[in-house]
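Engineer: Sharing data.txt here; it has compact mmCIF, C-alpha atoms.
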# COMPACT_ATOMS: atom_id res chain seq x y z
CA MET A 1 -9.50 92.91 4.52
CA LYS A 2 -11.54 95.17 2.31
CA ARG A 3 -11.76 92.38 -0.27
CA THR A 4 -14.62 90.01 0.55
CA HIS A 5 -13.91 87.20 -1.94
CA HIS A 6 -11.17 86.11 -4.33
CA CYS A 7 -11.86 85.94 -8.06
CA ASN A 8 -12.49 82.20 -8.22
CA GLU A 9 -14.86 82.00 -5.27
CA LEU A 10 -18.24 83.34 -6.39
CA ARG A 11 -20.91 80.86 -7.48
CA ALA A 12 -24.69 80.78 -7.94
CA GLN A 13 -25.26 80.61 -4.17
CA HIS A 14 -23.70 84.08 -3.84
CA ILE A 15 -26.31 85.74 -6.09
CA GLY A 16 -27.69 88.87 -4.44
CA GLN A 17 -24.70 89.38 -2.15
CA GLN A 18 -22.71 92.62 -2.02
CA VAL A 19 -19.06 91.81 -2.70
CA THR A 20 -15.73 93.55 -3.18
CA LEU A 21 -13.12 92.09 -5.52
CA MET A 22 -9.55 93.21 -6.08
CA GLY A 23 -7.20 92.17 -8.84
CA TRP A 24 -5.79 92.82 -12.27
CA VAL A 25 -7.69 93.64 -15.44
CA HIS A 26 -7.32 90.45 -17.46
CA LEU A 27 -9.49 91.58 -20.38
CA ARG A 28 -11.78 94.56 -21.13
CA ARG A 29 -14.58 94.43 -23.69
CA ASP A 30 -16.84 97.33 -24.75
CA LEU A 31 -20.09 95.90 -26.15
CA GLY A 32 -23.06 98.08 -26.99
CA GLY A 33 -22.45 100.62 -24.26
CA LEU A 34 -21.78 98.02 -21.57
CA ILE A 35 -18.22 97.44 -20.47
CA PHE A 36 -17.22 93.94 -19.39
CA VAL A 37 -14.02 93.49 -17.40
CA ASP A 38 -12.51 90.15 -16.44
CA ILE A 39 -10.83 90.66 -13.05
CA ARG A 40 -8.02 88.22 -12.24
CA ASP A 41 -6.15 87.34 -9.09
CA ARG A 42 -3.99 84.31 -8.37
CA GLU A 43 -7.07 82.12 -7.79
CA GLY A 44 -9.00 82.81 -10.98
CA ILE A 45 -11.23 85.22 -12.93
CA THR A 46 -14.60 86.89 -12.36
CA GLN A 47 -16.52 88.98 -14.90
CA ALA A 48 -17.57 92.48 -13.80
CA VAL A 49 -20.15 94.56 -15.71
CA PHE A 50 -20.21 98.37 -15.92
CA ASP A 51 -23.64 99.68 -16.92
CA PRO A 52 -23.73 103.46 -17.67
CA SER A 53 -27.35 103.67 -16.54
CA ASP A 54 -26.36 102.60 -13.02
CA LEU A 55 -23.05 104.46 -12.69
CA SER A 56 -21.84 108.02 -12.54
CA LYS A 57 -20.15 109.42 -15.63
CA GLU A 58 -16.82 109.59 -13.78
CA THR A 59 -16.97 105.91 -12.83
CA PHE A 60 -17.96 104.79 -16.32
CA ASP A 61 -15.23 106.93 -17.91
CA ALA A 62 -12.70 105.42 -15.51
CA ALA A 63 -13.82 101.93 -16.59
CA SER A 64 -13.50 102.98 -20.24
CA SER A 65 -9.88 104.02 -19.69
CA LEU A 66 -8.75 100.77 -18.07
CA ARG A 67 -5.86 98.94 -19.74
CA SER A 68 -4.93 95.31 -19.36
CA GLU A 69 -3.08 94.62 -16.09
CA SER A 70 -4.39 97.72 -14.35
CA VAL A 71 -5.03 97.00 -10.67
CA ILE A 72 -8.59 97.73 -9.55
CA ALA A 73 -11.09 97.21 -6.75
CA VAL A 74 -14.79 96.87 -7.57
CA THR A 75 -17.84 96.65 -5.34
CA GLY A 76 -21.23 95.45 -6.52
CA LYS A 77 -23.90 92.78 -6.37
CA VAL A 78 -23.53 89.26 -7.67
CA ARG A 79 -26.11 88.35 -10.28
CA ARG A 80 -26.76 85.53 -12.70
CA ARG A 81 -25.49 86.10 -16.21
CA PRO A 82 -28.40 87.43 -18.27
CA GLY A 83 -30.17 85.27 -20.83
CA ASN A 84 -29.38 82.11 -18.89
CA ASN A 85 -26.06 82.13 -20.71
CA PRO A 86 -23.35 80.71 -18.42
CA THR A 87 -19.89 79.91 -19.73
CA ASP A 88 -17.73 76.93 -18.85
CA ARG A 89 -14.64 78.91 -19.83
CA ILE A 90 -14.14 79.83 -16.18
CA PRO A 91 -15.45 78.27 -12.94
CA THR A 92 -17.30 81.51 -12.12
CA GLY A 93 -19.14 81.38 -15.45
CA GLU A 94 -22.63 81.26 -13.92
CA ILE A 95 -22.45 84.71 -12.39
CA GLU A 96 -21.14 88.24 -12.87
CA VAL A 97 -20.74 91.28 -10.64
CA ALA A 98 -22.81 94.37 -11.45
CA VAL A 99 -20.37 97.09 -10.47
CA GLU A 100 -21.52 99.97 -8.27
CA THR A 101 -18.15 101.52 -7.36
CA LEU A 102 -14.73 101.34 -8.98
CA GLU A 103 -11.37 102.21 -7.46
CA VAL A 104 -8.35 102.26 -9.76
CA LEU A 105 -5.46 101.22 -7.54
CA ASN A 106 -2.87 101.44 -10.30
CA LEU A 107 -3.32 102.25 -13.98
CA ALA A 108 -1.04 100.12 -16.15
CA GLU A 109 1.17 101.40 -18.93
CA VAL A 110 1.14 99.79 -22.38
CA LEU A 111 2.36 96.21 -21.96
CA PRO A 112 5.55 94.95 -23.65
CA PHE A 113 3.74 91.69 -24.45
CA PRO A 114 0.21 90.31 -23.85
CA ILE A 115 -0.54 88.51 -20.60
CA ASN A 116 -4.03 87.19 -21.36
CA ASP A 117 -3.00 84.99 -24.30
CA SER A 118 -0.47 82.34 -23.28
CA GLU A 119 0.13 81.09 -26.83
CA THR A 120 1.10 84.59 -27.93
CA THR A 121 3.21 85.13 -24.82
CA LEU A 122 5.19 81.96 -25.47
CA LYS A 123 6.14 83.32 -28.91
CA VAL A 124 7.66 86.42 -27.31
CA ASN A 125 11.46 86.61 -27.10
CA GLU A 126 12.48 84.84 -23.89
CA GLU A 127 14.90 87.59 -22.89
CA LEU A 128 12.02 90.10 -23.02
CA ARG A 129 9.91 87.84 -20.78
CA PHE A 130 12.77 87.61 -18.27
CA GLN A 131 13.26 91.37 -18.40
CA TYR A 132 9.62 91.75 -17.36
CA ARG A 133 9.55 88.68 -15.16
CA TYR A 134 6.91 90.16 -12.84
CA LEU A 135 4.53 90.29 -15.81
CA ASP A 136 5.36 86.81 -17.03
CA LEU A 137 4.70 85.39 -13.56
CA ARG A 138 1.15 86.78 -13.63
CA ARG A 139 0.12 84.22 -16.23
CA PRO A 140 -2.08 81.45 -14.75
CA GLU A 141 0.33 78.79 -16.03
CA MET A 142 3.19 80.33 -14.07
CA ILE A 143 1.08 80.81 -10.95
CA ASN A 144 0.07 77.13 -11.15
CA ASN A 145 3.75 76.15 -11.33
CA LEU A 146 4.51 78.16 -8.19
CA ARG A 147 1.45 76.70 -6.45
CA LEU A 148 2.50 73.15 -7.33
CA ARG A 149 6.06 73.74 -6.12
CA SER A 150 4.72 75.14 -2.84
CA LYS A 151 2.38 72.16 -2.33
CA ILE A 152 5.18 69.69 -3.00
CA ALA A 153 7.49 71.44 -0.53
CA MET A 154 4.77 71.39 2.13
CA GLU A 155 4.05 67.71 1.49
CA LEU A 156 7.75 66.84 1.76
CA ARG A 157 7.88 68.56 5.13
CA LYS A 158 4.72 66.83 6.38
CA TYR A 159 5.94 63.40 5.30
CA LEU A 160 9.39 63.74 6.83
CA ASP A 161 8.00 65.26 10.02
CA ASP A 162 5.73 62.23 10.36
CA GLU A 163 8.83 60.05 9.96
CA GLY A 164 10.58 61.79 12.87
CA PHE A 165 12.94 64.08 10.94
CA LEU A 166 14.12 67.52 12.06
CA GLU A 167 14.39 70.32 9.52
CA VAL A 168 17.67 72.15 10.12
CA GLU A 169 18.72 75.24 8.17
CA THR A 170 22.48 75.11 7.54
CA PRO A 171 24.75 78.08 6.70
CA THR A 172 25.23 79.28 3.13
CA LEU A 173 28.60 80.91 3.92
CA PHE A 174 31.31 78.34 4.67
CA LYS A 175 34.97 77.69 4.10
CA SER A 176 35.97 76.45 0.68
CA THR A 177 35.79 72.66 0.37
CA PRO A 178 36.56 71.86 -3.29
CA GLU A 179 34.52 68.95 -4.53
CA GLY A 180 33.29 68.04 -7.99
CA ALA A 181 32.52 71.55 -9.22
CA ARG A 182 33.96 75.04 -8.86
CA GLU A 183 32.57 77.14 -6.03
CA PHE A 184 31.15 80.64 -5.95
CA ILE A 185 33.51 82.76 -3.84
CA VAL A 186 32.31 85.55 -1.54
CA PRO A 187 34.85 88.10 -0.17
CA PHE A 188 34.66 89.21 3.46
CA ARG A 189 34.89 93.00 3.78
CA ASN A 190 36.33 93.16 7.31
CA THR A 191 39.17 90.73 6.65
CA PRO A 192 40.97 91.33 3.34
CA GLY A 193 42.09 88.09 1.75
CA LEU A 194 39.47 85.98 3.54
CA PHE A 195 36.82 84.43 1.32
CA TYR A 196 33.73 82.38 1.99
CA ALA A 197 32.29 79.87 -0.48
CA LEU A 198 28.66 79.17 -1.25
CA PRO A 199 27.90 75.49 -0.55
CA GLN A 200 27.70 72.94 -3.35
CA SER A 201 25.68 70.86 -0.89
CA PRO A 202 25.23 70.71 2.91
CA GLN A 203 27.35 67.55 3.04
CA GLN A 204 29.68 68.50 5.90
CA PHE A 205 26.94 70.12 7.94
CA LYS A 206 24.68 67.09 7.86
CA GLN A 207 27.57 64.83 8.82
CA ILE A 208 28.18 67.09 11.83
CA LEU A 209 24.48 66.80 12.71
CA MET A 210 24.68 63.00 12.63
CA VAL A 211 27.73 63.01 14.91
CA SER A 212 25.86 65.44 17.18
CA GLY A 213 23.04 62.95 17.68
CA VAL A 214 20.31 64.54 15.56
CA GLU A 215 19.86 61.12 13.86
CA LYS A 216 17.30 62.27 11.28
CA TYR A 217 17.80 65.52 9.38
CA PHE A 218 16.35 67.07 6.25
CA GLN A 219 16.44 70.41 4.49
CA LEU A 220 15.19 71.95 1.25
CA ALA A 221 18.70 73.17 0.60
CA ARG A 222 19.93 75.81 -1.81
CA CYS A 223 23.07 74.64 -3.61
CA TYR A 224 25.49 76.65 -5.77
CA ARG A 225 27.88 75.29 -8.40
CA ASP A 226 29.99 77.42 -10.71
CA GLU A 227 29.93 75.10 -13.69
CA ASP A 228 28.96 75.20 -17.33
CA LEU A 229 25.25 75.26 -18.07
CA ARG A 230 23.56 72.13 -19.39
CA ALA A 231 19.96 71.12 -19.94
CA ASP A 232 19.81 69.63 -16.42
CA ARG A 233 22.27 71.95 -14.64
CA GLN A 234 22.23 75.56 -13.53
CA PRO A 235 24.32 77.66 -11.14
CA GLU A 236 21.83 77.42 -8.26
CA PHE A 237 19.16 74.86 -7.46
CA THR A 238 17.11 73.44 -4.60
CA GLN A 239 17.49 69.85 -3.48
CA LEU A 240 15.85 67.75 -0.81
CA ASP A 241 18.79 66.88 1.45
CA ILE A 242 18.39 63.96 3.88
CA GLU A 243 20.66 62.20 6.37
CA MET A 244 19.86 59.35 8.78
CA SER A 245 21.75 57.43 11.44
CA PHE A 246 21.44 53.79 12.57
CA ILE A 247 19.77 52.50 9.40
CA GLU A 248 20.10 49.72 6.85
CA ARG A 249 19.92 50.07 3.09
CA GLU A 250 16.27 48.97 3.02
CA ASP A 251 15.36 51.79 5.40
CA ILE A 252 16.38 54.53 2.97
CA TYR A 253 14.74 52.66 0.08
CA ASN A 254 11.43 52.47 1.94
CA LEU A 255 11.63 56.10 3.06
CA MET A 256 12.26 57.50 -0.43
CA GLU A 257 9.74 55.23 -2.14
CA GLY A 258 7.05 56.33 0.29
CA LEU A 259 7.99 59.98 -0.17
CA LEU A 260 7.93 59.84 -3.97
CA LYS A 261 4.67 57.90 -3.93
CA ARG A 262 3.02 60.66 -1.87
CA VAL A 263 4.46 63.50 -3.98
CA TRP A 264 3.39 61.96 -7.29
CA LYS A 265 -0.11 61.43 -5.91
CA LEU A 266 -0.29 65.08 -4.88
CA ALA A 267 1.31 66.54 -8.00
CA ARG A 268 -0.15 64.36 -10.75
CA ASN A 269 -2.74 62.16 -9.01
CA ILE A 270 -0.70 59.12 -10.03
CA ASP A 271 -0.36 56.10 -7.75
CA LEU A 272 3.20 54.83 -8.06
CA PRO A 273 3.49 51.09 -7.39
CA THR A 274 5.97 50.24 -4.67
CA PRO A 275 8.51 48.82 -4.16
CA PHE A 276 10.24 50.31 -7.20
CA PRO A 277 12.01 47.95 -9.63
CA ARG A 278 15.66 47.38 -8.73
CA ILE A 279 18.52 46.51 -11.07
CA GLN A 280 21.97 45.40 -10.00
CA PHE A 281 24.80 47.78 -10.92
CA LYS A 282 26.67 45.16 -12.95
CA GLU A 283 23.51 44.36 -14.94
CA VAL A 284 22.63 47.97 -15.66
CA MET A 285 26.14 48.76 -16.88
CA ASN A 286 26.21 45.67 -19.10
CA ARG A 287 22.78 46.38 -20.58
CA TRP A 288 22.82 50.18 -20.94
CA GLY A 289 26.38 51.31 -20.21
CA ILE A 290 25.16 53.97 -17.75
CA ASP A 291 23.90 53.88 -14.16
CA LYS A 292 20.83 56.04 -14.90
CA PRO A 293 19.28 54.42 -18.00
CA ASP A 294 16.04 55.55 -19.60
CA THR A 295 14.27 52.19 -19.64
CA ARG A 296 11.42 53.54 -21.80
CA PHE A 297 13.57 52.90 -24.86
CA GLY A 298 14.99 49.57 -25.99
CA MET A 299 18.47 51.00 -26.60
CA GLU A 300 20.39 48.26 -24.85
CA LEU A 301 23.97 47.17 -25.50
CA THR A 302 24.63 43.90 -27.28
CA ASP A 303 27.72 41.93 -26.25
CA LEU A 304 29.50 40.74 -29.40
CA SER A 305 32.63 39.44 -27.67
CA ASP A 306 31.97 35.87 -28.81
CA VAL A 307 31.53 37.01 -32.42
CA PHE A 308 34.86 38.85 -32.57
Could you render the structure from this file as structure tokens?

Structural biologist:
Amino acid sequence: MKRTHHCNELRAQHIGQQVTLMGWVHLRRDLGGLIFVDIRDREGITQAVFDPSDLSKETFDAASSLRSESVIAVTGKVRRRPGNNPTDRIPTGEIEVAVETLEVLNLAEVLPFPINDSETTLKVNEELRFQYRYLDLRRPEMINNLRLRSKIAMELRKYLDDEGFLEVETPTLFKSTPEGAREFIVPFRNTPGLFYALPQSPQQFKQILMVSGVEKYFQLARCYRDEDLRADRQPEFTQLDIEMSFIEREDIYNLMEGLLKRVWKLARNIDLPTPFPRIQFKEVMNRWGIDKPDTRFGMELTDLSDVF
């Protein structure tokens, strides 16, 4: 690749090296004739400096015309920030790149909302953010969410592979099998009157796999349910789907506790104590009246039968 480093890679040990960075203009500042541009990619930010005494007029004018979120490539030498004035605002705060050449890969139009100020962005109308979703996803917070989701998915696969599971991708077009929620219906063009349904879950497929002798199956499955929206429900979602043969109840407990312990360690660096606390169904219904209580709050039922 033409790019030599990403924008969160350069440190003091790279001083003096010739580098090429590519990314988006996060912020441009014009200070006393020098132009400072923070270049951002998915990994982080590096400051680039445009000095008119070292650049052609065309290059400096091009730097002066840059707008936020323009896509650029710069080549120059890494140097220590002058005045021994590093910043801890970014991991690359010890250094900067003295630009020698600039290539504008794409000049951005005026933005519908700012990208470089998350607090301001969060105040923007949510429908506008969704309309320009590709801009909203450029924010570091959103990139970190995608990175975390990717790491968790990879860790799930590693854990279950170590436990002897096979990942099997099941069809998303199947015959209608009405269950707890309405299904999304898909017409078939070649056969009028024939409709497929998007799966609410891979339930029947994984049962077929168990009968077929697969024994241990998993899938990060897409599920579709045509039901009213709630805070914890939406029309499509991803679930970790697992099926096992020849097991006891303790086997699935141990498997899931080990999996969640590993994921929480990866995602939040929290060591979950295992085994998890267990409550009998009769007790949980008598104490909270629901089989998924939030035990952080002392909102338990009180039996007043004797009083009345």

Engineer: Might you pull out every residue within 8 Å of region 19-25 of chain A, with only C-alpha atoms counted and same-chain residues fewer than 3 positions away left off, and present them as a PDB file with C-alpha atoms, in the coordinates of the input?

Structural biologist:
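As written to disk, result_4.pdb reads:
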ATOM      1  CA  LYS A   2     -11.540  95.170   2.310  1.00  0.00           C
ATOM      2  CA  ARG A   3     -11.760  92.380  -0.270  1.00  0.00           C
ATOM      3  CA  THR A   4     -14.620  90.010   0.550  1.00  0.00           C
ATOM      4  CA  HIS A   5     -13.910  87.200  -1.940  1.00  0.00           C
ATOM      5  CA  HIS A   6     -11.170  86.110  -4.330  1.00  0.00           C
ATOM      6  CA  CYS A   7     -11.860  85.940  -8.060  1.00  0.00           C
ATOM      7  CA  ARG A  28     -11.780  94.560 -21.130  1.00  0.00           C
ATOM      8  CA  VAL A  37     -14.020  93.490 -17.400  1.00  0.00           C
ATOM      9  CA  ASP A  38     -12.510  90.150 -16.440  1.00  0.00           C
ATOM     10  CA  ILE A  39     -10.830  90.660 -13.050  1.00  0.00           C
ATOM     11  CA  ARG A  40      -8.020  88.220 -12.240  1.00  0.00           C
ATOM     12  CA  ASP A  41      -6.150  87.340  -9.090  1.00  0.00           C
ATOM     13  CA  LEU A  66      -8.750 100.770 -18.070  1.00  0.00           C
ATOM     14  CA  ARG A  67      -5.860  98.940 -19.740  1.00  0.00           C
ATOM     15  CA  SER A  68      -4.930  95.310 -19.360  1.00  0.00           C
ATOM     16  CA  GLU A  69      -3.080  94.620 -16.090  1.00  0.00           C
ATOM     17  CA  SER A  70      -4.390  97.720 -14.350  1.00  0.00           C
ATOM     18  CA  VAL A  71      -5.030  97.000 -10.670  1.00  0.00           C
ATOM     19  CA  ILE A  72      -8.590  97.730  -9.550  1.00  0.00           C
ATOM     20  CA  ALA A  73     -11.090  97.210  -6.750  1.00  0.00           C
ATOM     21  CA  VAL A  74     -14.790  96.870  -7.570  1.00  0.00           C
ATOM     22  CA  THR A  75     -17.840  96.650  -5.340  1.00  0.00           C
ATOM     23  CA  GLY A  76     -21.230  95.450  -6.520  1.00  0.00           C
ATOM     24  CA  LYS A  77     -23.900  92.780  -6.370  1.00  0.00           C
ATOM     25  CA  VAL A  78     -23.530  89.260  -7.670  1.00  0.00           C
TER      26      VAL A  78
END

Engineer: For CA of Asp271 (chain A) and CA of Glu155 (chain A), determine how far apart the two atoms are, in Å to one decimal place.

Structural biologist: 15.5 Å

Engineer: What does the structure give for the distance between CA of Ile252 (chain A) and CA of Pro293 (chain A), in Å to one decimal?

Structural biologist: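 Between CA of Ile252 (chain A) and CA of Pro293 (chain A) the gap is 21.2 Å.
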
Engineer: At what distance in Å, to one decimal, does CA of Asn125 (chain A) lie from CA of Arg29 (chain A)?

Structural biologist: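 About the pair CA of Arg29 (chain A) and CA of Asn125 (chain A): they are 27.4 Å apart.
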
Engineer: Can you find the residues with an atom no farther than 8 Å from (-26.3, 86.5, -6.8), counting all atoms listed in the file, and report them as a PDB file with C-alpha atoms, in the frame of the given file?

Structural biologist:
ATOM      1  CA  ARG A  11     -20.910  80.860  -7.480  1.00  0.00           C
ATOM      2  CA  ALA A  12     -24.690  80.780  -7.940  1.00  0.00           C
ATOM      3  CA  GLN A  13     -25.260  80.610  -4.170  1.00  0.00           C
ATOM      4  CA  HIS A  14     -23.700  84.080  -3.840  1.00  0.00           C
ATOM      5  CA  ILE A  15     -26.310  85.740  -6.090  1.00  0.00           C
ATOM      6  CA  GLY A  16     -27.690  88.870  -4.440  1.00  0.00           C
ATOM      7  CA  GLN A  17     -24.700  89.380  -2.150  1.00  0.00           C
ATOM      8  CA  LYS A  77     -23.900  92.780  -6.370  1.00  0.00           C
ATOM      9  CA  VAL A  78     -23.530  89.260  -7.670  1.00  0.00           C
ATOM     10  CA  ARG A  79     -26.110  88.350 -10.280  1.00  0.00           C
ATOM     11  CA  ARG A  80     -26.760  85.530 -12.700  1.00  0.00           C
ATOM     12  CA  ILE A  95     -22.450  84.710 -12.390  1.00  0.00           C
TER      13      ILE A  95
END

Engineer: Select, from A:Glu283, A:Asp291, A:Glu250, A:Glu169, the residue with the minimum atom-to-atom distance to Ala221 (chain A), counting only C-alpha atoms.

Structural biologist: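 Ranking A:Glu283, A:Asp291, A:Glu250, A:Glu169 by distance to Ala221 (chain A), first place goes to A:Glu169.
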
Engineer: Box in all listed atoms of region 128-140 of chain A, axis-aligned, with 8 Å more on each side; write out centre and edge lengths in Å to one decimal as AutoDock Vina command-line options.

Structural biologist:
--center_x 5.6 --center_y 86.6 --center_z -17.9 --size_x 31.3 --size_y 26.3 --size_z 26.2

Engineer: List the spatial neighbours of Leu260 (chain A) as a list in words - criterion: any atom at most 12 Å away, only C-alpha atoms, same-chain residues fewer than 4 positions off excluded.

Structural biologist: Ile152, Glu155, Leu156, Tyr159, Leu160, Leu240, Tyr253, Asn254, Leu255, Met256, Trp264, Lys265, Leu266, Ala267, Arg268, Ile270, Asp271, Leu272, Pro273, Thr274, Pro275 and Phe276 of chain A

Engineer: Just write the chosen residues, C-alpha atoms, as an mmCIF file, in the frame of the given file.

Structural biologist:
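Okay, this is what ended up in part13.cif:
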data_model
loop_
_atom_site.group_PDB
_atom_site.id
_atom_site.type_symbol
_atom_site.label_atom_id
_atom_site.label_comp_id
_atom_site.auth_asym_id
_atom_site.auth_seq_id
_atom_site.Cartn_x
_atom_site.Cartn_y
_atom_site.Cartn_z
ATOM 1 C CA ILE A 152 5.180 69.690 -3.000
ATOM 2 C CA GLU A 155 4.050 67.710 1.490
ATOM 3 C CA LEU A 156 7.750 66.840 1.760
ATOM 4 C CA TYR A 159 5.940 63.400 5.300
ATOM 5 C CA LEU A 160 9.390 63.740 6.830
ATOM 6 C CA LEU A 240 15.850 67.750 -0.810
ATOM 7 C CA TYR A 253 14.740 52.660 0.080
ATOM 8 C CA ASN A 254 11.430 52.470 1.940
ATOM 9 C CA LEU A 255 11.630 56.100 3.060
ATOM 10 C CA MET A 256 12.260 57.500 -0.430
ATOM 11 C CA TRP A 264 3.390 61.960 -7.290
ATOM 12 C CA LYS A 265 -0.110 61.430 -5.910
ATOM 13 C CA LEU A 266 -0.290 65.080 -4.880
ATOM 14 C CA ALA A 267 1.310 66.540 -8.000
ATOM 15 C CA ARG A 268 -0.150 64.360 -10.750
ATOM 16 C CA ILE A 270 -0.700 59.120 -10.030
ATOM 17 C CA ASP A 271 -0.360 56.100 -7.750
ATOM 18 C CA LEU A 272 3.200 54.830 -8.060
ATOM 19 C CA PRO A 273 3.490 51.090 -7.390
ATOM 20 C CA THR A 274 5.970 50.240 -4.670
ATOM 21 C CA PRO A 275 8.510 48.820 -4.160
ATOM 22 C CA PHE A 276 10.240 50.310 -7.200
#

Engineer: I'd like to know which of A:Gly289, A:Glu236, A:Leu111, A:Thr172 is closest to Tyr132 (chain A), using only C-alpha atoms.

Structural biologist: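 Of the candidates, the smallest distance to Tyr132 (chain A) is held by A:Leu111.
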
Engineer: So that I can see what lies close to region 44-52 of chain A, please list as a PyMOL selection string the residues with an atom at most 7 Å from it, counting only C-alpha atoms and leaving out residues fewer than 5 positions away in the same chain.

Structural biologist: chain A and resi 7-8+34-39+60+90+92+96-99

Engineer: Within 10 Å of Gln203 (chain A), counting all atoms listed in the file, which residues show up once you throw out same-chain ones fewer than 6 positions away? Write them as a PyMOL selection string, please.

Structural biologist: chain A and resi 241-243

Engineer: Using all atoms listed in the file, which residue out of A:Val168, A:Ala153, A:Val307, A:Leu173 lies closest to Phe195 (chain A)?

Structural biologist: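 Between A:Val168, A:Ala153, A:Val307, A:Leu173, the residue approaching Phe195 (chain A) most closely is A:Leu173.
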
Engineer: Tell me which of A:Leu259, A:Leu194, A:Leu31, A:Ala181 sits closest to Glu163 (chain A), counting only C-alpha atoms.

Structural biologist: A:Leu259

Engineer: Could you tell me which of A:Asp306, A:Thr170, A:Val110, A:Pro82 comes closest to Ile208 (chain A) if we count all atoms listed in the file?

Structural biologist: A:Thr170
